[in-house]
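This is query.cif (mmCIF, C-alpha atoms).
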data_model
loop_
_atom_site.group_PDB
_atom_site.id
_atom_site.type_symbol
_atom_site.label_atom_id
_atom_site.label_comp_id
_atom_site.auth_asym_id
_atom_site.auth_seq_id
_atom_site.Cartn_x
_atom_site.Cartn_y
_atom_site.Cartn_z
ATOM 1 C CA MET M 1 23.610 -10.350 13.271
ATOM 2 C CA GLU M 2 25.664 -9.406 10.229
ATOM 3 C CA ARG M 3 26.529 -5.756 9.676
ATOM 4 C CA ALA M 4 24.164 -3.901 7.346
ATOM 5 C CA MET M 5 25.504 -3.258 3.852
ATOM 6 C CA HIS M 6 23.528 -0.362 2.389
ATOM 7 C CA VAL M 7 23.172 0.564 -1.265
ATOM 8 C CA THR M 8 25.391 3.610 -0.790
ATOM 9 C CA GLU M 9 28.206 1.585 0.756
ATOM 10 C CA TYR M 10 27.939 -1.291 -1.700
ATOM 11 C CA TYR M 11 28.146 0.993 -4.734
ATOM 12 C CA GLY M 12 30.333 3.715 -3.231
ATOM 13 C CA ILE M 13 27.656 6.420 -3.447
ATOM 14 C CA THR M 14 27.864 9.414 -1.119
ATOM 15 C CA ASP M 15 25.165 9.078 1.530
ATOM 16 C CA ASP M 16 23.374 12.356 2.213
ATOM 17 C CA PRO M 17 19.852 13.449 3.297
ATOM 18 C CA SER M 18 18.899 14.398 -0.269
ATOM 19 C CA LEU M 19 19.335 10.835 -1.562
ATOM 20 C CA PRO M 20 16.310 10.186 -3.836
ATOM 21 C CA PHE M 21 15.980 6.462 -3.106
ATOM 22 C CA VAL M 22 15.623 4.351 0.020
ATOM 23 C CA ASP M 23 19.125 3.318 1.069
ATOM 24 C CA VAL M 24 18.200 -0.276 1.838
ATOM 25 C CA ASN M 25 20.336 -3.049 3.205
ATOM 26 C CA VAL M 26 21.164 -5.000 0.049
ATOM 27 C CA GLN M 27 21.652 -8.271 1.933
ATOM 28 C CA ARG M 28 18.283 -8.683 3.642
ATOM 29 C CA ASP M 29 14.805 -7.179 3.877
ATOM 30 C CA SER M 30 14.247 -3.952 5.789
ATOM 31 C CA ALA M 31 11.084 -3.322 7.839
ATOM 32 C CA LEU M 32 9.751 -0.687 5.459
ATOM 33 C CA PHE M 33 6.760 -0.935 3.147
ATOM 34 C CA VAL M 34 5.786 0.540 -0.207
ATOM 35 C CA ASP M 35 2.733 2.653 0.633
ATOM 36 C CA PRO M 36 0.035 3.170 -2.026
ATOM 37 C CA ARG M 37 -1.322 6.329 -0.365
ATOM 38 C CA ALA M 38 2.164 7.836 -0.252
ATOM 39 C CA ILE M 39 2.438 7.140 -3.981
ATOM 40 C CA ARG M 40 -0.948 8.768 -4.535
ATOM 41 C CA LEU M 41 0.285 11.846 -2.655
ATOM 42 C CA ASP M 42 3.459 12.165 -4.727
ATOM 43 C CA ARG M 43 3.234 15.564 -6.427
ATOM 44 C CA SER M 44 6.730 15.493 -7.933
ATOM 45 C CA ASN M 45 5.346 15.473 -11.482
ATOM 46 C CA ARG M 46 7.911 12.833 -12.426
ATOM 47 C CA PRO M 47 6.998 10.287 -15.146
ATOM 48 C CA TYR M 48 7.455 7.355 -12.763
ATOM 49 C CA ALA M 49 4.983 8.905 -10.270
ATOM 50 C CA HIS M 50 2.354 9.439 -12.959
ATOM 51 C CA LEU M 51 2.835 5.871 -14.196
ATOM 52 C CA ALA M 52 2.522 4.386 -10.699
ATOM 53 C CA GLN M 53 -0.666 6.320 -9.993
ATOM 54 C CA ALA M 54 -2.147 5.266 -13.335
ATOM 55 C CA ASP M 55 -1.193 1.628 -12.696
ATOM 56 C CA MET M 56 -2.864 1.578 -9.272
ATOM 57 C CA THR M 57 -6.046 3.168 -10.625
ATOM 58 C CA SER M 58 -6.173 0.896 -13.660
ATOM 59 C CA PHE M 59 -5.659 -2.279 -11.644
ATOM 60 C CA PHE M 60 -8.212 -1.514 -8.943
ATOM 61 C CA ASN M 61 -10.819 -0.321 -11.439
ATOM 62 C CA THR M 62 -10.322 -3.418 -13.567
ATOM 63 C CA VAL M 63 -10.845 -5.744 -10.609
ATOM 64 C CA SER M 64 -13.807 -3.687 -9.354
ATOM 65 C CA ASN M 65 -15.482 -3.826 -12.753
ATOM 66 C CA HIS M 66 -15.207 -7.607 -12.740
ATOM 67 C CA VAL M 67 -16.848 -7.652 -9.301
ATOM 68 C CA LEU M 68 -19.678 -5.387 -10.411
ATOM 69 C CA PHE M 69 -20.337 -7.178 -13.723
ATOM 70 C CA GLY M 70 -20.917 -10.331 -11.697
ATOM 71 C CA ASP M 71 -21.189 -12.837 -14.568
ATOM 72 C CA GLN M 72 -19.237 -16.086 -14.413
ATOM 73 C CA GLN M 73 -16.522 -14.981 -16.825
ATOM 74 C CA SER M 74 -15.963 -11.702 -14.964
ATOM 75 C CA GLN M 75 -15.835 -13.529 -11.636
ATOM 76 C CA ALA M 76 -13.171 -15.899 -12.924
ATOM 77 C CA GLU M 77 -11.095 -13.132 -14.516
ATOM 78 C CA GLY M 78 -11.231 -10.837 -11.480
ATOM 79 C CA LEU M 79 -10.101 -13.607 -9.160
ATOM 80 C CA ARG M 80 -7.366 -14.615 -11.609
ATOM 81 C CA LEU M 81 -5.946 -11.084 -11.684
ATOM 82 C CA LEU M 82 -5.745 -11.004 -7.892
ATOM 83 C CA GLN M 83 -4.201 -14.457 -7.659
ATOM 84 C CA ALA M 84 -1.561 -13.861 -10.349
ATOM 85 C CA PHE M 85 0.799 -11.875 -8.125
ATOM 86 C CA ARG M 86 4.379 -12.998 -7.797
ATOM 87 C CA GLU M 87 5.847 -11.743 -4.565
ATOM 88 C CA PRO M 88 8.468 -9.103 -5.412
ATOM 89 C CA ARG M 89 11.847 -9.547 -3.717
ATOM 90 C CA GLU M 90 13.961 -7.019 -5.582
ATOM 91 C CA THR M 91 13.197 -3.966 -3.400
ATOM 92 C CA ARG M 92 14.676 -5.540 -0.220
ATOM 93 C CA LEU M 93 11.671 -4.091 1.631
ATOM 94 C CA GLY M 94 9.086 -5.824 3.785
ATOM 95 C CA LEU M 95 9.167 -8.901 5.984
ATOM 96 C CA ALA M 96 10.265 -11.876 3.912
ATOM 97 C CA ARG M 97 8.799 -14.442 6.302
ATOM 98 C CA ALA M 98 5.485 -12.565 6.535
ATOM 99 C CA GLY M 99 4.854 -12.001 2.826
ATOM 100 C CA PHE M 100 2.868 -14.181 0.476
ATOM 101 C CA ASN M 101 4.979 -17.208 1.323
ATOM 102 C CA GLY M 102 3.974 -16.831 4.957
ATOM 103 C CA HIS M 103 0.276 -16.550 4.122
ATOM 104 C CA GLY M 104 -0.233 -19.506 1.821
ATOM 105 C CA GLY M 105 0.752 -17.749 -1.389
ATOM 106 C CA SER M 106 -0.918 -15.343 -3.755
ATOM 107 C CA ASP M 107 -3.806 -17.751 -4.421
ATOM 108 C CA GLU M 108 -4.981 -17.403 -0.827
ATOM 109 C CA VAL M 109 -4.287 -13.674 -0.534
ATOM 110 C CA GLY M 110 -6.044 -12.988 -3.833
ATOM 111 C CA HIS M 111 -9.038 -15.000 -2.637
ATOM 112 C CA TRP M 112 -9.264 -12.952 0.581
ATOM 113 C CA ILE M 113 -9.404 -9.703 -1.354
ATOM 114 C CA TRP M 114 -11.786 -10.996 -4.013
ATOM 115 C CA GLN M 115 -14.176 -12.466 -1.468
ATOM 116 C CA ALA M 116 -14.289 -9.257 0.577
ATOM 117 C CA LEU M 117 -15.054 -7.222 -2.543
ATOM 118 C CA VAL M 118 -17.732 -9.660 -3.709
ATOM 119 C CA ASP M 119 -19.354 -10.075 -0.291
ATOM 120 C CA ASN M 120 -19.723 -6.294 0.062
ATOM 121 C CA SER M 121 -20.196 -5.400 -3.596
ATOM 122 C CA ASP M 122 -23.685 -3.930 -3.183
ATOM 123 C CA ALA M 123 -22.608 -1.694 -0.314
ATOM 124 C CA PHE M 124 -19.351 -0.679 -1.984
ATOM 125 C CA ARG M 125 -21.206 0.197 -5.183
ATOM 126 C CA ARG M 126 -23.973 2.090 -3.403
ATOM 127 C CA ILE M 127 -21.825 3.986 -0.902
ATOM 128 C CA ALA M 128 -18.386 4.084 -2.606
ATOM 129 C CA ILE M 129 -16.359 3.344 0.518
ATOM 130 C CA CYS M 130 -13.813 1.155 -1.271
ATOM 131 C CA THR M 131 -12.712 2.869 -4.467
ATOM 132 C CA GLN M 132 -8.895 2.751 -4.534
ATOM 133 C CA LEU M 133 -6.083 0.268 -4.016
ATOM 134 C CA GLU M 134 -5.142 1.802 -0.663
ATOM 135 C CA ASP M 135 -8.654 1.131 0.669
ATOM 136 C CA ILE M 136 -8.134 -2.645 0.560
ATOM 137 C CA PRO M 137 -6.322 -3.029 3.932
ATOM 138 C CA LEU M 138 -9.184 -1.191 5.646
ATOM 139 C CA PHE M 139 -11.719 -3.854 4.704
ATOM 140 C CA VAL M 140 -9.883 -7.138 4.052
ATOM 141 C CA SER M 141 -8.845 -9.339 6.975
ATOM 142 C CA GLY M 142 -5.226 -10.446 6.858
ATOM 143 C CA VAL M 143 -4.096 -7.632 4.589
ATOM 144 C CA GLY M 144 -1.740 -5.312 6.452
ATOM 145 C CA ASN M 145 1.589 -3.609 5.908
ATOM 146 C CA ASP M 146 3.518 -6.390 4.205
ATOM 147 C CA ILE M 147 0.854 -7.741 1.877
ATOM 148 C CA THR M 148 -0.292 -4.249 0.904
ATOM 149 C CA SER M 149 3.326 -3.398 0.100
ATOM 150 C CA ASP M 150 3.778 -6.551 -1.971
ATOM 151 C CA LEU M 151 0.571 -5.962 -3.927
ATOM 152 C CA THR M 152 1.463 -2.340 -4.555
ATOM 153 C CA THR M 153 5.052 -3.095 -5.536
ATOM 154 C CA ARG M 154 3.971 -5.640 -8.111
ATOM 155 C CA ILE M 155 1.322 -3.315 -9.571
ATOM 156 C CA VAL M 156 3.717 -0.342 -9.846
ATOM 157 C CA TYR M 157 6.766 -2.451 -10.707
ATOM 158 C CA GLU M 158 7.225 -0.820 -14.100
ATOM 159 C CA ALA M 159 7.145 2.636 -12.502
ATOM 160 C CA LEU M 160 9.771 1.523 -9.970
ATOM 161 C CA ALA M 161 11.872 0.215 -12.851
ATOM 162 C CA LEU M 162 11.541 3.607 -14.561
ATOM 163 C CA PHE M 163 12.689 5.286 -11.336
ATOM 164 C CA THR M 164 15.584 2.824 -11.053
ATOM 165 C CA GLY M 165 16.596 3.675 -14.614
ATOM 166 C CA GLU M 166 16.694 7.361 -13.671
ATOM 167 C CA MET M 167 18.910 6.521 -10.701
ATOM 168 C CA LEU M 168 21.290 4.532 -12.928
ATOM 169 C CA LYS M 169 21.777 7.664 -15.018
ATOM 170 C CA GLN M 170 22.068 9.980 -12.022
ATOM 171 C CA PHE M 171 24.529 7.724 -10.176
ATOM 172 C CA PRO M 172 27.092 6.139 -12.542
ATOM 173 C CA GLU M 173 28.440 4.189 -9.573
ATOM 174 C CA PHE M 174 25.721 1.589 -10.198
ATOM 175 C CA SER M 175 27.527 0.386 -13.327
ATOM 176 C CA ALA M 176 31.135 1.417 -12.587
ATOM 177 C CA GLY M 177 34.032 -1.008 -12.270
ATOM 178 C CA ASN M 178 32.892 -4.560 -11.574
ATOM 179 C CA GLN M 179 29.284 -3.563 -10.869
ATOM 180 C CA GLN M 180 26.728 -5.137 -13.169
ATOM 181 C CA VAL M 181 23.394 -4.148 -14.663
ATOM 182 C CA GLU M 182 21.446 -7.107 -15.995
ATOM 183 C CA ARG M 183 18.254 -7.537 -17.993
ATOM 184 C CA VAL M 184 15.674 -9.542 -16.070
ATOM 185 C CA THR M 185 12.230 -10.684 -17.170
ATOM 186 C CA VAL M 186 9.575 -9.646 -14.666
ATOM 187 C CA GLN M 187 5.820 -9.509 -14.229
ATOM 188 C CA VAL M 188 4.327 -6.023 -14.569
ATOM 189 C CA TRP M 189 0.844 -4.545 -14.847
ATOM 190 C CA ASP M 190 -0.015 -3.156 -18.278
ATOM 191 C CA ASN M 191 -2.481 -0.349 -17.544
ATOM 192 C CA GLN M 192 -3.471 -0.009 -21.198
ATOM 193 C CA GLY M 193 -4.094 -3.687 -21.875
ATOM 194 C CA ARG M 194 -5.359 -4.148 -18.294
ATOM 195 C CA ALA M 195 -3.446 -7.385 -17.936
ATOM 196 C CA TRP M 196 -0.356 -8.903 -16.376
ATOM 197 C CA VAL M 197 2.507 -9.130 -18.864
ATOM 198 C CA GLU M 198 6.170 -10.134 -18.897
ATOM 199 C CA ARG M 199 8.721 -7.430 -19.692
ATOM 200 C CA GLY M 200 12.500 -7.233 -19.825
ATOM 201 C CA ILE M 201 13.906 -4.615 -17.438
ATOM 202 C CA ASP M 202 17.475 -3.541 -16.717
ATOM 203 C CA LEU M 203 18.311 -3.631 -13.007
ATOM 204 C CA PRO M 204 21.531 -3.305 -11.018
ATOM 205 C CA VAL M 205 22.755 -6.444 -9.295
ATOM 206 C CA ALA M 206 23.821 -6.562 -5.643
ATOM 207 C CA PHE M 207 25.208 -9.748 -4.100
ATOM 208 C CA GLY M 208 24.054 -11.677 -7.157
ATOM 209 C CA ALA M 209 20.404 -10.554 -6.974
ATOM 210 C CA PRO M 210 18.558 -7.822 -8.928
ATOM 211 C CA LEU M 211 17.912 -4.577 -7.036
ATOM 212 C CA LEU M 212 14.811 -2.443 -7.600
ATOM 213 C CA LEU M 213 15.111 1.036 -6.099
ATOM 214 C CA VAL M 214 12.211 2.785 -4.341
ATOM 215 C CA PRO M 215 11.663 6.573 -4.056
ATOM 216 C CA ARG M 216 12.359 7.564 -0.462
ATOM 217 C CA ASN M 217 8.907 9.125 0.053
ATOM 218 C CA TRP M 218 7.096 5.968 -1.070
ATOM 219 C CA ALA M 219 8.351 3.778 1.781
ATOM 220 C CA ARG M 220 7.132 3.901 5.372
ATOM 221 C CA PRO M 221 7.439 1.762 8.521
ATOM 222 C CA THR M 222 3.619 1.562 8.666
ATOM 223 C CA ILE M 223 1.259 2.177 5.764
ATOM 224 C CA LEU M 224 -0.729 5.385 6.056
ATOM 225 C CA MET M 225 -4.120 3.767 5.552
ATOM 226 C CA ASN M 226 -4.182 0.866 7.957
ATOM 227 C CA ALA M 227 -7.215 -0.620 9.667
ATOM 228 C CA GLN M 228 -6.121 0.228 13.216
ATOM 229 C CA ARG M 229 -5.670 3.902 12.362
ATOM 230 C CA TYR M 230 -9.002 3.963 10.508
ATOM 231 C CA PHE M 231 -10.702 2.446 13.548
ATOM 232 C CA ASP M 232 -8.995 4.696 16.118
ATOM 233 C CA VAL M 233 -9.489 7.952 14.239
ATOM 234 C CA THR M 234 -12.525 7.725 11.999
ATOM 235 C CA ILE M 235 -14.688 4.794 13.079
ATOM 236 C CA LEU M 236 -14.588 5.707 16.769
ATOM 237 C CA GLY M 237 -14.898 9.400 15.907
ATOM 238 C CA TYR M 238 -18.099 8.685 13.986
ATOM 239 C CA LEU M 239 -19.514 6.633 16.871
ATOM 240 C CA GLN M 240 -18.749 9.527 19.210
ATOM 241 C CA GLU M 241 -20.657 11.895 16.929
ATOM 242 C CA ARG M 242 -23.686 9.611 16.786
ATOM 243 C CA GLU M 243 -23.869 9.329 20.556
ATOM 244 C CA THR M 244 -23.191 12.956 21.425
ATOM 245 C CA THR M 245 -26.175 14.539 23.157
ATOM 246 C CA ILE M 246 -27.016 17.578 25.249
ATOM 247 C CA ALA M 247 -28.071 16.902 28.838
ATOM 248 C CA LEU M 248 -31.763 17.571 29.373
ATOM 249 C CA GLY M 249 -32.421 21.041 30.717
ATOM 250 C CA THR M 250 -28.782 22.133 30.362
ATOM 251 C CA ASP M 251 -26.302 23.081 27.683
ATOM 252 C CA LYS M 252 -23.846 20.397 28.796
ATOM 253 C CA ILE M 253 -22.578 18.232 25.921
ATOM 254 C CA LEU M 254 -22.430 14.515 26.697
ATOM 255 C CA ARG M 255 -19.909 12.750 24.495
ATOM 256 C CA PRO M 256 -18.555 9.236 25.111
ATOM 257 C CA THR M 257 -14.773 8.945 25.114
ATOM 258 C CA LYS M 258 -13.035 6.669 22.658
ATOM 259 C CA ASP M 259 -11.770 4.571 25.581
ATOM 260 C CA THR M 260 -15.359 4.088 26.746
ATOM 261 C CA LEU M 261 -16.369 2.952 23.275
ATOM 262 C CA ARG M 262 -13.413 0.551 23.026
ATOM 263 C CA ARG M 263 -14.491 -1.208 26.217
ATOM 264 C CA ARG M 264 -17.811 -2.203 24.697
ATOM 265 C CA PRO M 265 -17.891 -5.886 23.683
ATOM 266 C CA THR M 266 -19.547 -5.049 20.364
ATOM 267 C CA VAL M 267 -16.975 -2.419 19.336
ATOM 268 C CA ASN M 268 -13.702 -3.727 17.911
ATOM 269 C CA CYS M 269 -11.161 -3.299 15.127
ATOM 270 C CA SER M 270 -12.281 -6.337 13.152
ATOM 271 C CA ARG M 271 -12.774 -5.773 9.434
ATOM 272 C CA ALA M 272 -16.368 -6.965 9.833
ATOM 273 C CA PHE M 273 -17.154 -4.260 12.397
ATOM 274 C CA ILE M 274 -15.300 -1.612 10.403
ATOM 275 C CA THR M 275 -17.220 -2.510 7.254
ATOM 276 C CA ARG M 276 -20.608 -2.549 9.001
ATOM 277 C CA THR M 277 -19.955 0.828 10.588
ATOM 278 C CA ALA M 278 -18.747 2.361 7.317
ATOM 279 C CA VAL M 279 -21.837 1.056 5.520
ATOM 280 C CA HIS M 280 -24.201 2.376 8.223
ATOM 281 C CA ALA M 281 -22.494 5.763 8.076
ATOM 282 C CA GLY M 282 -22.821 5.743 4.304
ATOM 283 C CA ASP M 283 -26.539 5.138 4.628
ATOM 284 C CA ASP M 284 -26.589 8.255 6.828
ATOM 285 C CA GLY M 285 -24.812 10.208 4.112
ATOM 286 C CA VAL M 286 -21.352 10.106 5.704
ATOM 287 C CA ASN M 287 -18.490 8.560 3.718
ATOM 288 C CA LEU M 288 -16.032 7.503 6.422
ATOM 289 C CA THR M 289 -13.337 6.356 3.999
ATOM 290 C CA ARG M 290 -13.338 9.734 2.285
ATOM 291 C CA ARG M 291 -13.199 11.401 5.707
ATOM 292 C CA PHE M 292 -10.273 9.195 6.723
ATOM 293 C CA LYS M 293 -8.363 10.020 3.545
ATOM 294 C CA SER M 294 -8.776 13.726 4.226
ATOM 295 C CA PHE M 295 -7.330 13.180 7.696
ATOM 296 C CA VAL M 296 -4.449 11.046 6.399
ATOM 297 C CA ASP M 297 -3.572 13.489 3.647
ATOM 298 C CA ALA M 298 -3.619 16.478 6.001
ATOM 299 C CA LYS M 299 -1.310 14.700 8.472
ATOM 300 C CA PHE M 300 1.081 13.340 5.840
ATOM 301 C CA THR M 301 4.765 14.148 6.209
ATOM 302 C CA PRO M 302 7.642 12.295 4.520
ATOM 303 C CA ILE M 303 9.579 9.893 6.693
ATOM 304 C CA SER M 304 12.770 11.393 8.053
ATOM 305 C CA THR M 305 16.213 10.181 7.068
ATOM 306 C CA GLU M 306 16.797 9.076 10.671
ATOM 307 C CA VAL M 307 13.727 6.785 10.676
ATOM 308 C CA LEU M 308 14.638 5.311 7.294
ATOM 309 C CA LYS M 309 18.139 4.567 8.528
ATOM 310 C CA SER M 310 16.861 2.959 11.721
ATOM 311 C CA LYS M 311 14.701 0.580 9.683
ATOM 312 C CA THR M 312 17.484 -0.510 7.346
ATOM 313 C CA GLU M 313 20.143 -1.397 9.921
#
Whole structure given in structure tokens:
Amino acid sequence: MERAMHVTEYYGITDDPSLPFVDVNVQRDSALFVDPRAIRLDRSNRPYAHLAQADMTSFFNTVSNHVLFGDQQSQAEGLRLLQAFREPRETRLGLARAGFNGHGGSDEVGHWIWQALVDNSDAFRRIAICTQLEDIPLFVSGVGNDITSDLTTRIVYEALALFTGEMLKQFPEFSAGNQQVERVTVQVWDNQGRAWVERGIDLPVAFGAPLLLVPRNWARPTILMNAQRYFDVTILGYLQERETTIALGTDKILRPTKDTLRRRPTVNCSRAFITRTAVHAGDDGVNLTRRFKSFVDAKFTPISTEVLKSKTE
């Protein structure tokens, strides 16, 4: 395997723990993913963070409205928005062979998401268990770390470009000597027009390819809101609550363990089971997605420099 060439080495930037961006390998993808919940939790008050959060909200709400309107024109437009993604390569993050190209392209991925939203539209509307971009991997089969990262990156691309522009000013090494900054035309989400548009953006070039920088706290080796974690923590926790009883004639609490629940043939981490359980809980007045987000947010800590480095070697 070829030796990793990181951004700092390629551009001659001093590598230190306070580096604002992910120091990726500029020659190949690193096993890190842009995490929509981490973006949502960014409290830096920087313009790029506000823009990314607004883009995610605008995109998801636009698609959701098309689902809820339900007429033929809305159905066609909602599906079109989800199928219009171009897989972003400029961040050097993700798993190139497991992205859209490895899943039949954005047409297929967009269809998965659209169909899941449409099939459960009544429940989602009534119970509000899928209300943000980061909720999608909890309920859509086939959507995990890499696809969630690709979707998010494309939606917040303009915010990442704004961040990259800040880094170009902060680190003159990006344009010093023979280093180049080029204008490229890219697809971005316009949160005012609520449409995909083409915009010209200035990006540094590494090994002949544009480089889009990512804030270090936005990338993680596993997305915070993934289906397995939702199942292990919140779905099974809810099932435990429902089946907790007090032994007759005593004050002994009888509570099934999560391992006991996992061994049941009907209990599994499929998106179908997760969705059914979340809907049933919602009918009981318990919003499991909201509960899961509270857990995720309380446990959130930025990824350490050591972990980031280990994923970019």
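Taking CA of Ile223 in chain M and CA of Ile155 in chain M as the two end points, the separation is 16.3 Å.
The space separating CA of Ala4 in chain M from CA of Arg183 in chain M comes to 26.3 Å.
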Write out as a PDB file with C-alpha atoms, in the coordinates of the input which residues come within 12 Å of Glu90 in chain M when counting only C-alpha atoms, dropping same-chain ones fewer than 5 positions away.
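Wrote part_10.pdb, looks like this:
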ATOM      1  CA  VAL M  24      18.200  -0.276   1.838  1.00  0.00           C
ATOM      2  CA  ASN M  25      20.336  -3.049   3.205  1.00  0.00           C
ATOM      3  CA  VAL M  26      21.164  -5.000   0.049  1.00  0.00           C
ATOM      4  CA  GLN M  27      21.652  -8.271   1.933  1.00  0.00           C
ATOM      5  CA  ARG M  28      18.283  -8.683   3.642  1.00  0.00           C
ATOM      6  CA  ASP M  29      14.805  -7.179   3.877  1.00  0.00           C
ATOM      7  CA  SER M  30      14.247  -3.952   5.789  1.00  0.00           C
ATOM      8  CA  ALA M  96      10.265 -11.876   3.912  1.00  0.00           C
ATOM      9  CA  ASP M 150       3.778  -6.551  -1.971  1.00  0.00           C
ATOM     10  CA  THR M 153       5.052  -3.095  -5.536  1.00  0.00           C
ATOM     11  CA  ARG M 154       3.971  -5.640  -8.111  1.00  0.00           C
ATOM     12  CA  TYR M 157       6.766  -2.451 -10.707  1.00  0.00           C
ATOM     13  CA  LEU M 160       9.771   1.523  -9.970  1.00  0.00           C
ATOM     14  CA  ALA M 161      11.872   0.215 -12.851  1.00  0.00           C
ATOM     15  CA  THR M 164      15.584   2.824 -11.053  1.00  0.00           C
ATOM     16  CA  VAL M 184      15.674  -9.542 -16.070  1.00  0.00           C
ATOM     17  CA  VAL M 186       9.575  -9.646 -14.666  1.00  0.00           C
ATOM     18  CA  LEU M 203      18.311  -3.631 -13.007  1.00  0.00           C
ATOM     19  CA  PRO M 204      21.531  -3.305 -11.018  1.00  0.00           C
ATOM     20  CA  VAL M 205      22.755  -6.444  -9.295  1.00  0.00           C
ATOM     21  CA  ALA M 206      23.821  -6.562  -5.643  1.00  0.00           C
ATOM     22  CA  PHE M 207      25.208  -9.748  -4.100  1.00  0.00           C
ATOM     23  CA  GLY M 208      24.054 -11.677  -7.157  1.00  0.00           C
ATOM     24  CA  ALA M 209      20.404 -10.554  -6.974  1.00  0.00           C
ATOM     25  CA  PRO M 210      18.558  -7.822  -8.928  1.00  0.00           C
ATOM     26  CA  LEU M 211      17.912  -4.577  -7.036  1.00  0.00           C
ATOM     27  CA  LEU M 212      14.811  -2.443  -7.600  1.00  0.00           C
ATOM     28  CA  LEU M 213      15.111   1.036  -6.099  1.00  0.00           C
ATOM     29  CA  VAL M 214      12.211   2.785  -4.341  1.00  0.00           C
TER      30      VAL M 214
END
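Minimum distance to Asp259 in chain M across M:Ala116, M:Leu239, M:Ala247, M:Leu68 (counting only C-alpha atoms) occurs at M:Leu239.
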Item to check | All residues 10 Å or closer to Lys258 in chain M, all atoms listed in the file, same chain fewer than 2 positions away omitted, as a PyMOL selection string | outcome: chain M and resi 232-233+235-237+239-240+255-256+260-263
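For the structure shown here, the set of residues caught by the PyMOL selection byres ((chain M and resi 41-47) around 9) is Pro36, Arg37, Ala38, Ile39, Arg40, Tyr48, Ala49, His50, Leu51, Ala52, Gln53, Ala159, Leu162, Phe163, Asn217, Trp218, Asp297 and Phe300 of chain M.
Rounded to one decimal, CA of Val34 in chain M and CA of Gly94 in chain M lie 8.2 Å from each other.
When the PyMOL selection byres ((chain M and resi 6) around 10) is evaluated against the file, it yields Arg3, Ala4, Met5, Val7, Thr8, Glu9, Tyr10, Tyr11, Gly12, Ile13, Asp15, Val22, Asp23, Val24, Asn25, Val26, Gln27, Arg28, Lys309, Thr312 and Glu313 of chain M.
Using the PyMOL selection byres ((chain M and resi 138) around 10) on the file at hand returns these residues: M:Ile129, M:Cys130, M:Glu134, M:Asp135, M:Ile136, M:Pro137, M:Phe139, M:Val140, M:Ser141, M:Val143, M:Gly144, M:Met225, M:Asn226, M:Ala227, M:Gln228, M:Arg229, M:Tyr230, M:Phe231, M:Cys269, M:Ser270, M:Arg271, M:Ile274, M:Thr275, M:Thr289.
Minimum atom-to-atom distances from M:Thr91, M:Thr62, M:Gln75, M:Thr152 to Leu32 in chain M were compared using only C-alpha atoms, and the lowest value belongs to M:Thr91.
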Next on the checklist: Every residue with an atom at most 6 Å from (-12.6, -11.2, -10.2) (file coordinates; only C-alpha atoms) is what I'm after, so could you write them as JSON, numbers by chain?
Outcome noted: {"M": [63, 66, 67, 74, 75, 76, 77, 78, 79]}
